[in-house]
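Source file target36.txt; content: compact mmCIF, C-alpha atoms and all ligand atoms.
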# COMPACT_ATOMS: atom_id res chain seq x y z
CA MET A 1 -11.62 48.78 -14.89
CA LYS A 2 -8.67 47.25 -16.72
CA GLU A 3 -7.38 44.02 -15.08
CA HIS A 4 -3.59 44.13 -14.65
CA LYS A 5 -1.82 40.94 -15.57
CA LYS A 6 -0.05 39.22 -12.68
CA THR A 7 2.95 36.94 -12.75
CA THR A 8 4.40 34.54 -10.16
CA VAL A 9 7.60 35.78 -8.48
CA TYR A 10 7.83 34.21 -5.00
CA ASP A 11 8.10 30.41 -4.87
CA TRP A 12 6.63 28.15 -2.18
CA PRO A 13 9.75 27.77 0.00
CA THR A 14 10.14 31.58 0.19
CA ARG A 15 6.50 32.09 1.13
CA ILE A 16 6.42 29.27 3.69
CA PHE A 17 9.67 30.61 5.18
CA HIS A 18 8.17 34.12 5.33
CA TRP A 19 5.05 33.20 7.26
CA LEU A 20 6.71 30.73 9.63
CA PHE A 21 9.47 33.25 10.27
CA ALA A 22 6.91 36.00 11.03
CA PHE A 23 4.76 33.68 13.18
CA LEU A 24 7.68 32.30 15.22
CA PHE A 25 9.20 35.77 15.69
CA LEU A 26 5.91 37.12 17.04
CA GLY A 27 5.48 33.98 19.17
CA ALA A 28 9.01 34.22 20.65
CA TYR A 29 8.48 37.91 21.37
CA LEU A 30 5.06 37.47 22.92
CA ILE A 31 6.29 34.69 25.24
CA VAL A 32 9.04 36.88 26.77
CA GLU A 33 6.44 39.59 27.31
CA ILE A 34 4.06 37.35 29.22
CA VAL A 35 6.14 34.82 31.17
CA ASP A 36 9.29 34.78 33.31
CA ASP A 37 12.41 33.11 31.98
CA ASP A 38 12.21 30.35 34.63
CA ASN A 39 8.63 29.52 33.62
CA PRO A 40 8.28 26.16 31.75
CA LEU A 41 6.47 28.04 28.94
CA PHE A 42 9.72 29.85 28.25
CA THR A 43 10.97 26.62 26.65
CA LEU A 44 8.66 27.48 23.76
CA HIS A 45 10.60 30.73 23.36
CA MET A 46 13.82 28.75 23.01
CA MET A 47 12.23 26.25 20.63
CA ALA A 48 10.75 29.02 18.46
CA GLY A 49 14.15 30.79 18.35
CA LEU A 50 16.03 27.61 17.51
CA THR A 51 13.51 26.76 14.79
CA ILE A 52 13.98 30.23 13.31
CA GLY A 53 17.74 29.55 13.33
CA PHE A 54 17.20 26.23 11.51
CA MET A 55 14.89 27.79 8.90
CA LEU A 56 17.46 30.48 8.31
CA VAL A 57 20.02 27.84 7.31
CA LEU A 58 17.51 26.45 4.77
CA ARG A 59 16.68 29.98 3.54
CA ILE A 60 20.36 30.76 3.03
CA ILE A 61 20.82 27.60 0.94
CA TRP A 62 17.67 28.54 -1.02
CA GLY A 63 19.13 32.02 -1.53
CA PHE A 64 21.78 30.41 -3.72
CA VAL A 65 19.91 27.57 -5.42
CA GLY A 66 16.28 28.80 -5.41
CA THR A 67 14.24 30.49 -8.14
CA THR A 68 15.20 33.93 -9.53
CA TYR A 69 13.57 36.23 -6.95
CA ALA A 70 14.41 34.02 -3.96
CA ARG A 71 18.10 34.33 -4.78
CA PHE A 72 20.20 36.87 -2.88
CA SER A 73 21.71 37.94 -6.18
CA SER A 74 18.29 39.45 -7.07
CA PHE A 75 18.15 41.54 -3.85
CA LYS A 76 18.54 45.28 -4.46
CA LEU A 77 21.27 46.28 -2.03
CA HIS A 78 22.94 49.19 -3.79
CA PRO A 79 22.96 52.09 -1.25
CA ILE A 80 22.29 54.77 -3.92
CA GLU A 81 19.31 52.81 -5.27
CA PHE A 82 18.06 52.43 -1.68
CA MET A 83 18.32 56.20 -1.00
CA ARG A 84 16.56 56.99 -4.29
CA TYR A 85 13.83 54.50 -3.42
CA LEU A 86 13.23 56.12 0.00
CA LYS A 87 13.22 59.62 -1.51
CA ASP A 88 10.78 58.58 -4.25
CA ALA A 89 8.56 56.85 -1.70
CA ILE A 90 8.07 60.23 -0.01
CA VAL A 91 7.91 62.67 -2.94
CA LYS A 92 6.48 60.61 -5.82
CA LYS A 93 5.72 57.06 -6.90
CA THR A 94 8.56 54.57 -6.52
CA LYS A 95 9.94 52.48 -9.35
CA ARG A 96 8.27 49.05 -9.39
CA TYR A 97 10.29 45.89 -8.83
CA LEU A 98 9.27 42.38 -9.73
CA GLY A 99 11.29 40.83 -6.87
CA HIS A 100 12.29 42.46 -3.55
CA ASN A 101 12.44 46.24 -3.67
CA PRO A 102 15.48 47.96 -2.05
CA ALA A 103 13.64 48.63 1.24
CA SER A 104 12.50 45.03 1.70
CA SER A 105 15.90 43.73 0.52
CA TYR A 106 17.64 45.66 3.32
CA ALA A 107 14.92 44.76 5.83
CA ALA A 108 15.29 41.06 4.94
CA ILE A 109 19.09 41.12 5.41
CA ILE A 110 18.78 42.93 8.78
CA MET A 111 16.16 40.43 9.92
CA TYR A 112 18.31 37.46 8.86
CA ILE A 113 21.33 38.85 10.76
CA CYS A 114 19.26 39.59 13.89
CA ALA A 115 17.67 36.13 13.81
CA ALA A 116 21.05 34.40 13.43
CA GLY A 117 22.52 36.52 16.25
CA LEU A 118 19.52 35.83 18.49
CA ALA A 119 19.78 32.08 17.98
CA LEU A 120 23.52 32.19 18.67
CA THR A 121 23.37 34.41 21.77
CA GLY A 122 20.33 32.44 22.99
CA VAL A 123 22.33 29.20 22.82
CA MET A 124 25.38 30.81 24.44
CA MET A 125 23.48 32.20 27.42
CA THR A 126 21.48 29.06 28.08
CA GLY A 127 24.45 26.77 27.41
CA GLY A 128 26.36 28.12 30.43
CA GLY A 129 28.48 30.81 28.74
CA GLU A 130 29.36 34.23 30.27
CA SER A 131 25.79 35.49 30.43
CA ASP A 132 25.84 39.31 30.72
CA PHE A 133 27.38 40.01 27.33
CA TYR A 134 25.15 37.49 25.53
CA GLU A 135 22.04 38.70 27.34
CA GLU A 136 22.66 42.33 26.45
CA THR A 137 23.44 41.46 22.81
CA HIS A 138 20.31 39.25 22.72
CA GLU A 139 18.18 42.11 23.97
CA LEU A 140 19.73 44.62 21.55
CA LEU A 141 19.24 42.30 18.54
CA ALA A 142 15.63 41.64 19.55
CA THR A 143 14.99 45.41 19.65
CA ILE A 144 16.60 46.00 16.23
CA PHE A 145 14.57 43.07 14.87
CA LEU A 146 11.32 44.50 16.24
CA ILE A 147 12.02 47.99 14.83
CA THR A 148 12.78 46.45 11.42
CA VAL A 149 9.55 44.43 11.48
CA ILE A 150 7.54 47.56 12.35
CA ALA A 151 9.26 49.49 9.51
CA HIS A 152 8.68 46.53 7.12
CA VAL A 153 4.97 46.20 7.86
CA GLY A 154 4.58 50.02 7.99
CA GLY A 155 6.35 50.25 4.61
CA ILE A 156 4.02 47.67 3.05
CA ILE A 157 0.94 49.52 4.33
CA PHE A 158 2.37 52.86 3.08
CA HIS A 159 3.15 51.28 -0.31
CA HIS A 160 -0.37 49.89 -0.53
CA VAL A 161 -2.01 53.21 0.28
CA LYS A 162 0.11 54.92 -2.38
CA HIS A 163 0.23 52.37 -5.18
CA ARG A 164 -2.75 50.05 -4.67
CA ASP A 165 -0.88 47.35 -6.60
CA SER A 166 -1.50 44.67 -3.93
CA LEU A 167 2.20 44.17 -3.17
CA TRP A 168 1.11 42.95 0.28
CA SER A 169 -0.52 39.83 -1.15
CA SER A 170 2.59 38.68 -3.02
CA MET A 171 3.80 36.73 0.03
CA PHE A 172 0.44 34.89 0.02
CA ASP A 173 -0.13 33.98 -3.62
CA GLY A 174 3.43 34.61 -4.86
CA LYS A 175 2.16 36.98 -7.57
CA LYS A 176 2.99 40.56 -8.49
CA LYS A 177 1.77 42.88 -11.22
CA ALA A 178 3.77 42.03 -14.35
CA LEU A 179 6.43 44.35 -15.72
CA PRO A 180 6.92 44.49 -19.50
CA GLU A 181 10.69 43.94 -19.53
CA LYS A 182 10.87 41.27 -16.77
CA THR A 183 9.66 37.68 -16.60
CA GLY A 184 8.30 35.87 -13.55
CA ILE A 185 9.14 32.31 -12.55
CA THR A 186 7.69 29.32 -14.40
CA ASN A 187 7.93 26.78 -11.57
CA SER A 188 6.79 27.76 -8.07
CA LYS A 189 8.60 24.76 -6.47
CA ARG A 190 5.70 23.21 -4.62
CA PHE A 191 7.69 20.07 -3.82
CA ALA A 192 10.63 22.05 -2.38
CA GLY A 193 8.09 23.99 -0.29
CA MET A 194 6.72 20.73 1.13
CA LEU A 195 10.24 19.52 1.86
CA PHE A 196 10.99 22.81 3.62
CA LEU A 197 7.92 22.31 5.81
CA ILE A 198 8.72 18.65 6.57
CA LEU A 199 12.34 19.45 7.50
CA THR A 200 11.23 22.32 9.76
CA LEU A 201 8.61 20.14 11.49
CA THR A 202 11.17 17.34 11.92
CA TRP A 203 13.58 19.83 13.50
CA SER A 204 10.95 21.11 15.98
CA GLY A 205 10.02 17.48 16.74
CA TYR A 206 13.67 16.73 17.45
CA LEU A 207 13.91 19.74 19.81
CA TYR A 208 10.73 18.71 21.59
CA SER A 209 11.96 15.11 21.98
CA THR A 210 15.04 16.36 23.86
CA TYR A 211 12.99 18.51 26.27
CA ASP A 212 13.41 17.49 29.90
CA SER A 213 10.52 19.01 31.86
CA THR A 214 12.01 18.18 35.29
CA ASN A 215 15.19 20.18 34.74
CA GLN A 216 13.79 22.59 32.14
CA THR A 217 16.46 21.70 29.59
CA ILE A 218 16.70 21.14 25.86
CA ASN A 219 19.53 19.08 24.47
CA LEU A 220 20.97 20.52 21.27
CA PHE A 221 23.37 17.99 19.71
CA GLY A 222 24.68 17.01 23.16
CA GLN A 223 24.79 20.60 24.46
CA GLU A 224 22.41 21.08 27.40
CA LEU A 225 20.49 24.38 27.25
CA THR A 226 19.13 25.34 30.67
CA LEU A 227 16.36 27.80 31.39
CA GLY A 228 16.48 30.61 33.93
CA GLU A 229 19.82 29.45 35.32
CA GLU A 230 20.58 32.85 36.82
CA GLU A 231 17.25 33.03 38.62
CA HIS A 232 17.78 29.51 40.01
CA GLU A 233 21.23 30.49 41.18
CA GLU A 234 19.85 33.66 42.75
CA HIS A 235 17.14 31.68 44.55
CA GLU A 236 19.66 29.09 45.68
CA SER A 237 21.95 31.75 47.13
CA VAL A 238 19.00 33.43 48.89
CA TYR A 239 18.00 30.08 50.47
CA GLU A 240 21.61 29.34 51.30
CA GLY A 241 21.81 32.76 52.97
CA GLU A 242 18.63 32.03 54.94
CA ALA A 243 19.97 28.60 55.94
CA HIS A 244 23.17 30.19 57.23
CA GLU A 245 21.16 32.73 59.23
CA GLU A 246 19.07 29.91 60.73
CA GLU A 247 22.25 28.01 61.60
CA ASN A 248 23.61 31.16 63.28
CA ASP A 249 20.31 31.67 65.19
CA GLU A 250 20.62 28.15 66.59
CA ASP A 251 24.16 28.89 67.80
C1 LIG B 301 6.56 39.59 12.07
C2 LIG B 301 6.17 40.01 10.87
C3 LIG B 301 6.99 39.89 9.61
C4 LIG B 301 8.28 39.47 9.41
C5 LIG B 301 9.30 39.00 10.46
C6 LIG B 301 8.54 39.55 7.98
C7 LIG B 301 9.73 39.22 7.36
C8 LIG B 301 10.00 39.31 6.01
C9 LIG B 301 11.20 38.84 5.36
C10 LIG B 301 12.37 38.16 6.08
C11 LIG B 301 11.09 39.10 4.05
C12 LIG B 301 12.07 38.68 2.97
C13 LIG B 301 11.57 37.33 2.46
C14 LIG B 301 12.66 36.48 1.84
O1 LIG B 301 13.35 35.77 2.60
O2 LIG B 301 12.84 36.51 0.62
C15 LIG B 301 9.81 39.75 3.83
C16 LIG B 301 9.31 40.17 2.60
C17 LIG B 301 8.01 40.53 2.40
N1 LIG B 301 7.01 40.59 3.37
FE1 LIG B 301 7.23 40.31 5.35
N2 LIG B 301 7.41 40.00 7.35
C18 LIG B 301 6.45 40.20 8.30
C19 LIG B 301 5.16 40.61 8.09
C20 LIG B 301 4.60 40.82 6.86
C21 LIG B 301 3.21 41.18 6.61
C22 LIG B 301 2.14 41.36 7.71
C23 LIG B 301 3.06 41.29 5.26
C24 LIG B 301 1.85 41.67 4.44
C25 LIG B 301 0.66 41.21 4.60
C26 LIG B 301 4.35 41.03 4.66
C27 LIG B 301 4.60 41.04 3.32
C28 LIG B 301 5.83 40.91 2.73
C29 LIG B 301 6.07 41.10 1.32
C30 LIG B 301 5.02 41.48 0.27
C31 LIG B 301 7.43 40.89 1.11
C32 LIG B 301 8.17 41.04 -0.24
C33 LIG B 301 8.37 42.52 -0.47
C34 LIG B 301 8.84 42.83 -1.85
O3 LIG B 301 8.43 42.14 -2.80
O4 LIG B 301 9.61 43.78 -2.03
N3 LIG B 301 5.27 40.75 5.66
N4 LIG B 301 9.16 39.84 5.05
C1 LIG B 302 14.33 35.04 16.75
C2 LIG B 302 14.59 34.51 17.89
C3 LIG B 302 14.49 35.18 19.24
C4 LIG B 302 13.90 36.37 19.62
C5 LIG B 302 13.12 37.37 18.77
C6 LIG B 302 14.17 36.54 21.04
C7 LIG B 302 13.75 37.62 21.80
C8 LIG B 302 14.00 37.78 23.15
C9 LIG B 302 13.62 38.92 23.94
C10 LIG B 302 12.89 40.16 23.42
C11 LIG B 302 14.03 38.69 25.21
C12 LIG B 302 13.85 39.62 26.43
C13 LIG B 302 15.10 40.43 26.60
C14 LIG B 302 15.00 41.27 27.84
O1 LIG B 302 14.30 42.27 27.78
O2 LIG B 302 15.65 40.89 28.82
C15 LIG B 302 14.65 37.40 25.24
C16 LIG B 302 15.18 36.81 26.39
C17 LIG B 302 15.67 35.53 26.42
N1 LIG B 302 15.85 34.67 25.35
FE1 LIG B 302 15.39 35.06 23.43
N2 LIG B 302 14.90 35.45 21.49
C18 LIG B 302 15.12 34.59 20.42
C19 LIG B 302 15.80 33.40 20.43
C20 LIG B 302 16.23 32.75 21.59
C21 LIG B 302 16.88 31.45 21.64
C22 LIG B 302 17.21 30.60 20.41
C23 LIG B 302 17.13 31.17 22.96
C24 LIG B 302 17.77 29.97 23.59
C25 LIG B 302 18.14 28.88 22.99
C26 LIG B 302 16.66 32.29 23.74
C27 LIG B 302 16.73 32.38 25.11
C28 LIG B 302 16.37 33.49 25.83
C29 LIG B 302 16.54 33.59 27.29
C30 LIG B 302 17.07 32.49 28.24
C31 LIG B 302 16.11 34.88 27.64
C32 LIG B 302 16.05 35.47 29.05
C33 LIG B 302 17.29 36.27 29.29
C34 LIG B 302 17.16 37.08 30.59
O3 LIG B 302 17.07 36.46 31.63
O4 LIG B 302 17.14 38.30 30.47
N3 LIG B 302 16.12 33.24 22.87
N4 LIG B 302 14.64 36.86 23.97

Target format C-alpha cells, applied to this file:
Amino acid sequence: MKEHKKTTVYDWPTRIFHWLFAFLFLGAYLIVEIVDDDNPLFTLHMMAGLTIGFMLVLRIIWGFVGTTYARFSSFKLHPIEFMRYLKDAIVKKTKRYLGHNPASSYAAIIMYICAAGLALTGVMMTGGGESDFYEETHELLATIFLITVIAHVGGIIFHHVKHRDSLWSSMFDGKKKALPEKTGITNSKRFAGMLFLILTLTWSGYLYSTYDSTNQTINLFGQELTLGEEEHEEHESVYEGEAHEEENDED
C-alpha cells in the first residue's frame, strides 16, 4: 500500500494545551459529579478551572504569535464554508484541511468562550458575588461545553471511519497527511512548549500555595475564593434556628 507523506502542522504549545485542556475539563467535570461543593476535594475543581483559565490566556497569545496553524487567522470560520463542510460530511467526502477544519475551528472557539465564562463565573460565585445568576450561567456554560466536546470527539471518530487519514493522531504527533498546495510548519516550537508547561505548573503551584484547608479557601491575587458558602450559610441558619427553638423550650 502506498505510504502517504505526512507533514507537521500542530506545534508543541498547541498540542500540550490541547491535552491539558481536555484532561482538566474532564477532571473538573468528574469532580462535580462525585463530590459535594462543600467537600475539600471540590477545591481541585476550582484549581482545575482556574488553570484552564490561565492556559487560555497563553493560548490566546499563541493564537497571534504562534506557528501558522496555531494562529486564529488560520481558523476556518466562514459560515458558508462551515455549512458546506457539514453537508459534505454527510453526503460525500469532505475537503481536506491542513490546519483546523471548519467544524473543529467552531468547536475550538465555543470551547474557549465556555472555558473563559466558566472561570469568570466560578470566581464570581466563590468570591462572594450575587450567586444565583453566576451559578446558573456556570451550569449553562458547562452544559454547552460538554455538548461541544461530545460533538468534537464524535466528529473525529466519524471523520476517521469515513476518511481513514488518521486526523485523530494529529494532536499527538502534530502531523497530518500532506496537501500538494500547502506547506506544513518547519519548527515545532519545542522550547515554547516547555515554557508553556513550566508556566502552567508554576500557576497551579501558586494556586496550591494559597490554599487554606481550614477555611476551604484559595486566594487569587488577594481575592478570597470560598467553597460551598451557600451550604455553610444554610447549615448555619438551620443550627441558629435549632438554637432559637432550644432557647424557647427553656423559657
Ligand atoms: C475533553 C476532550 C477534548 C477537548 C476539551 C478537546 C478540545 C479541543 C480544542 C480546544 C481544539 C482546538 C485546539 C487549538 O487550540 O488549536 C481541539 C482540536 C483537535 N482535537 Fe480535541 N479535544 C478533546 C478530545 C479530543 C480527542 C479524544 C481527540 C482524538 C484522539 C482529539 C483530537 C483533536 C484534533 C485532531 C484536533 C484538530 C482538528 C483539526 O485538525 O481540524 N480531541 N480539541
Ligand atoms: C472549565 C472549567 C469549569 C468547568 C467545566 C466547571 C463545571 C462545573 C459544573 C458542571 C458544575 C455543576 C453545576 C450544577 O449542576 O450545579 C460546577 C459547579 C461549581 N463550580 Fe465549576 N466549572 C469550571 C470552573 C470553575 C471555577 C474556575 C470555579 C471557581 C473558582 C468553579 C466553582 C464551582 C462551584 C463553587 C460550583 C458549585 C455551584 C453550586 O453550588 O451549584 N468552577 N462547575

**Message:** Within 6 Å of ligand LIG 301 (chain B) (counting only C-alpha atoms and all ligand atoms), which residues show up? I'd like them as a PyMOL selection string.
**Reply:** chain A and resi 14+18+21-22+25-26+70+99-101+104+108+111+149+153+167-171

**Asked** Skipping near chain neighbours, those fewer than 3 positions away, what residues fall within 9 Å of Gly193 of chain A using all atoms listed in the file, listed as a list in words?
**Response** Asp11, Trp12, Pro13, Thr14, Arg15, Ile16, Phe17, Ser188, Lys189, Arg190, Phe196, Leu197 and Ile198 of chain A

**Request:** Please measure the separation of atom CA of Met125 of chain A and atom CA of Thr210 of chain A, giving the value in Å to one decimal.
**Result:** 18.3 Å

**Asked** Glu224 of chain A: which residues within 8 Å, counting all atoms listed in the file, same-chain residues fewer than 6 positions away excluded, as a ChimeraX atom specification?
**Response** /A:127,217-218

**Item:** All residues having an atom within 6 Å of ligand LIG 302 (chain B) (all atoms listed in the file) as a list in words
**Value:** Phe25, Ala28, Tyr29, Val32, Asp37, Met46, Gly49, Leu50, Ile52, Ala115, Leu118, Ala119, Gly122, Val123, Thr126, Glu135, Glu139, Ala142 and Leu227 of chain A

**Prompt:** Which distance in Å separates atom CA of Leu30 of chain A and atom CA of Leu140 of chain A, to one decimal?
**Reply:**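 Atom CA of Leu30 of chain A sits 16.4 Å away from atom CA of Leu140 of chain A.
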
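If you look at atom CA of Ile185 of chain A and atom CA of Leu58 of chain A, they are 20.1 Å away from each other.
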
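In terms of minimum interatomic distance to Ser209 of chain A, A:Met47 ranks closest within A:Thr7, A:Met47, A:Phe133, A:Phe54, counting all atoms listed in the file.
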
**Prompt:** So, counting all atoms listed in the file, which residue among A:Thr121, A:Thr68, A:Thr202, A:Thr148 is closest to Leu225 of chain A?
**Reply:** A:Thr121

**Residue among A:Met83, A:Val65, A:Ala116, A:Leu98 lying closest to Val9 of chain A, counting all atoms listed in the file** =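 Using all atoms listed in the file, Val9 of chain A sits closest to A:Leu98.
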